[in-house]
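A.B. asks: The following block contains the structure, expressed as structure tokens.
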Amino acid sequence: MISETLFQNHTVFSFEVFPPKRSAPIDTIYRTLDGLRGLRPDFISVTYGAAGSQNSTSTVALAAAIQNRFGMESVAHLPCLYLSKAQALETTDQLLEHGVQNILVLRGDKVPELPPQGDFPHAANLIAFLHSSRLHLLAACYPEVHPEAESAESDLQHLKEKTDAGANHLISQLFLDNACFYRFVRRARAAGITAPIEAGIMPVINRKQILHMTSLCGAALPEKFTVMMDKYGDNPEAMRDAGIAYAVDQIVDLVSHGVNGIHLYTMNNPLVARKISEATATLFH
């Protein structure tokens, strides 16, 4: 289990991966994990299935493999909107059976044609339900405000409800302007949120991908980034290298400002993760 002392000694560095498509065997991601293992992350988180899907089998299997086969601490994502109490307990028991004690609790995306289960309308509800000494519970936060929030103030209030319910570790949605993250952290601390906050960094190696992601989460595109994307967006290799450089620049600035941790959205690309890790390795000691 992730220790509460993890953030006391160094800047945390962690990764996110996602399970392979249902048509592909779980073994297809083992090559990715082999590439990530040598980078010695503090932990690796595993995303859940598609919106509204409650087939947690691949997430549990992958989290278990990270924990036991690859010898790294794993975190399993668990969206709650379409989850019943029975399903929440069943999935948690499966994770614990495999030695996985870390869960990132999310509300999850809404599916218009699918009515929510009703047991956990918000992440804070599931956090309170699962809160125990056997689990390390994490929650998500949005530096630039959740797209569905009524206001920045209400969004912060909901985040405080998550930590009050038992989340003792936060991971941010991606952002491309560090100033937005710094403002968010100041506001969170002023609101009494004391949990460590990891900064979520997504290396931009594909123009279409990042435009889709930012449209979903509402992250702003600073001029420095759009100039880079306009210059290199049609050259895959140049865009990859520029995106890696941009992410490295973000990380150096964040660590210099005393960020609690960096959570790298690897997109299952160990080459990109390795290049970023090598460029920033001495920052995390």
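We label chains A, B, ... in the order they appear in the structure tokens, count residues from 1 in each chain, and number ligands from 1 in the order shown.
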If you run DSSP over the backbone, which residues in range 52-198 of chain A end up strand (DSSP E or B)? Put them as a count of residues only.
C.D. replies: 24
A.B. asks: Using 8 Å as the limit and counting only C-alpha atoms, can you tabulate each residue of range 104-203 of chain A that touches range 261-276 of chain A, with its shortest atom-to-atom distance in Å and the two atoms involved, as JSON lines?
C.D. replies:
```
{"residue": "A:Ile171", "atom": "CA", "partner": "A:His263", "partner_atom": "CA", "distance": 7.1}
{"residue": "A:Pro196", "atom": "CA", "partner": "A:Gly261", "partner_atom": "CA", "distance": 7.9}
{"residue": "A:Ile197", "atom": "CA", "partner": "A:Gly261", "partner_atom": "CA", "distance": 6.8}
{"residue": "A:Glu198", "atom": "CA", "partner": "A:Gly261", "partner_atom": "CA", "distance": 4.3}
{"residue": "A:Ala199", "atom": "CA", "partner": "A:Ile262", "partner_atom": "CA", "distance": 4.9}
{"residue": "A:Gly200", "atom": "CA", "partner": "A:His263", "partner_atom": "CA", "distance": 4.7}
{"residue": "A:Ile201", "atom": "CA", "partner": "A:Leu264", "partner_atom": "CA", "distance": 5.0}
{"residue": "A:Met202", "atom": "CA", "partner": "A:Tyr265", "partner_atom": "CA", "distance": 4.9}
{"residue": "A:Pro203", "atom": "CA", "partner": "A:Tyr265", "partner_atom": "CA", "distance": 7.2}
```
A.B. asks: Expressed in Å to a single decimal, how great is the separation between CA of Leu33 in chain A and CA of Ser277 in chain A?
C.D. replies: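 Computing the Euclidean distance for CA of Leu33 in chain A and CA of Ser277 in chain A yields 14.6 Å.
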A.B. asks: CA of Leu95 in chain A to CA of Ala64 in chain A: how many Å, to one decimal?
C.D. replies: 7.2 Å
A.B. asks: Do you know which residues are at most 12 Å from Ile2 in chain A counting only C-alpha atoms, after dropping those on the same chain fewer than 6 positions away, and could you put them as an MDAnalysis selection string?
C.D. replies: chainID A and resid 12 14 42:45 67 72:75 99:104 133:138 168:169
A.B. asks: Find, counting only C-alpha atoms, the residue in A:Lys21, A:Gly35, A:Val248, A:Gly166 that gets nearest to Ser132 in chain A.
C.D. replies: A:Gly166
A.B. asks: Have a look at CA of Tyr142 in chain A and CA of Ser172 in chain A and let me know their distance in Å, one decimal.
C.D. replies: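 According to the coordinates, CA of Tyr142 in chain A and CA of Ser172 in chain A are separated by 5.6 Å.
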A.B. asks: Pick out the closest residue to Gln173 in chain A from this set: A:Thr194, A:Thr214, A:Gln157, A:Ser84. Count only C-alpha atoms.
C.D. replies: A:Thr214
A.B. asks: Given only C-alpha atoms as the basis, pick out the residue of A:Cys141, A:Ala88, A:Leu39, A:Ile205 nearest to Ala188 in chain A.
C.D. replies: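 Checking each candidate against Ala188 in chain A, we get A:Cys141 as the closest.
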A.B. asks: Could you give me, as a count of residues only, each residue of range 105-229 of chain A that DSSP assigns to helix (DSSP H, G or I) when run on this structure's backbone?
C.D. replies: 53
A.B. asks: Write out, as CSV, each residue of range 106-182 of chain A that has an atom at most 12 Å from range 223-241 of chain A, together with the closest pair of atoms and their distance in Å to one decimal, counting only C-alpha atoms, rows going by chain and rising number.
C.D. replies:
```
residue,atom,partner,partner_atom,distance
A:Phe175,CA,A:Phe225,CA,11.1
A:Leu176,CA,A:Phe225,CA,7.6
A:Asp177,CA,A:Phe225,CA,8.8
A:Asn178,CA,A:Phe225,CA,11.9
```
A.B. asks: Could the residues in this selection be written to a file with N, CA and C atoms, as a PDB file, in the first residue's frame?
C.D. replies:
```
ATOM      1  N   PHE A 175      -2.879  19.428 -17.640  1.00  0.00           N
ATOM      2  CA  PHE A 175      -2.889  20.872 -17.906  1.00  0.00           C
ATOM      3  C   PHE A 175      -1.623  21.198 -18.675  1.00  0.00           C
ATOM      4  N   LEU A 176      -1.647  22.277 -19.434  1.00  0.00           N
ATOM      5  CA  LEU A 176      -0.514  22.656 -20.265  1.00  0.00           C
ATOM      6  C   LEU A 176       0.096  23.990 -19.854  1.00  0.00           C
ATOM      7  N   ASP A 177      -0.541  24.642 -18.892  1.00  0.00           N
ATOM      8  CA  ASP A 177      -0.059  25.929 -18.383  1.00  0.00           C
ATOM      9  C   ASP A 177       0.163  25.781 -16.880  1.00  0.00           C
ATOM     10  N   ASN A 178       1.426  25.756 -16.457  1.00  0.00           N
ATOM     11  CA  ASN A 178       1.729  25.542 -15.043  1.00  0.00           C
ATOM     12  C   ASN A 178       1.136  26.608 -14.141  1.00  0.00           C
TER      13      ASN A 178
END
```
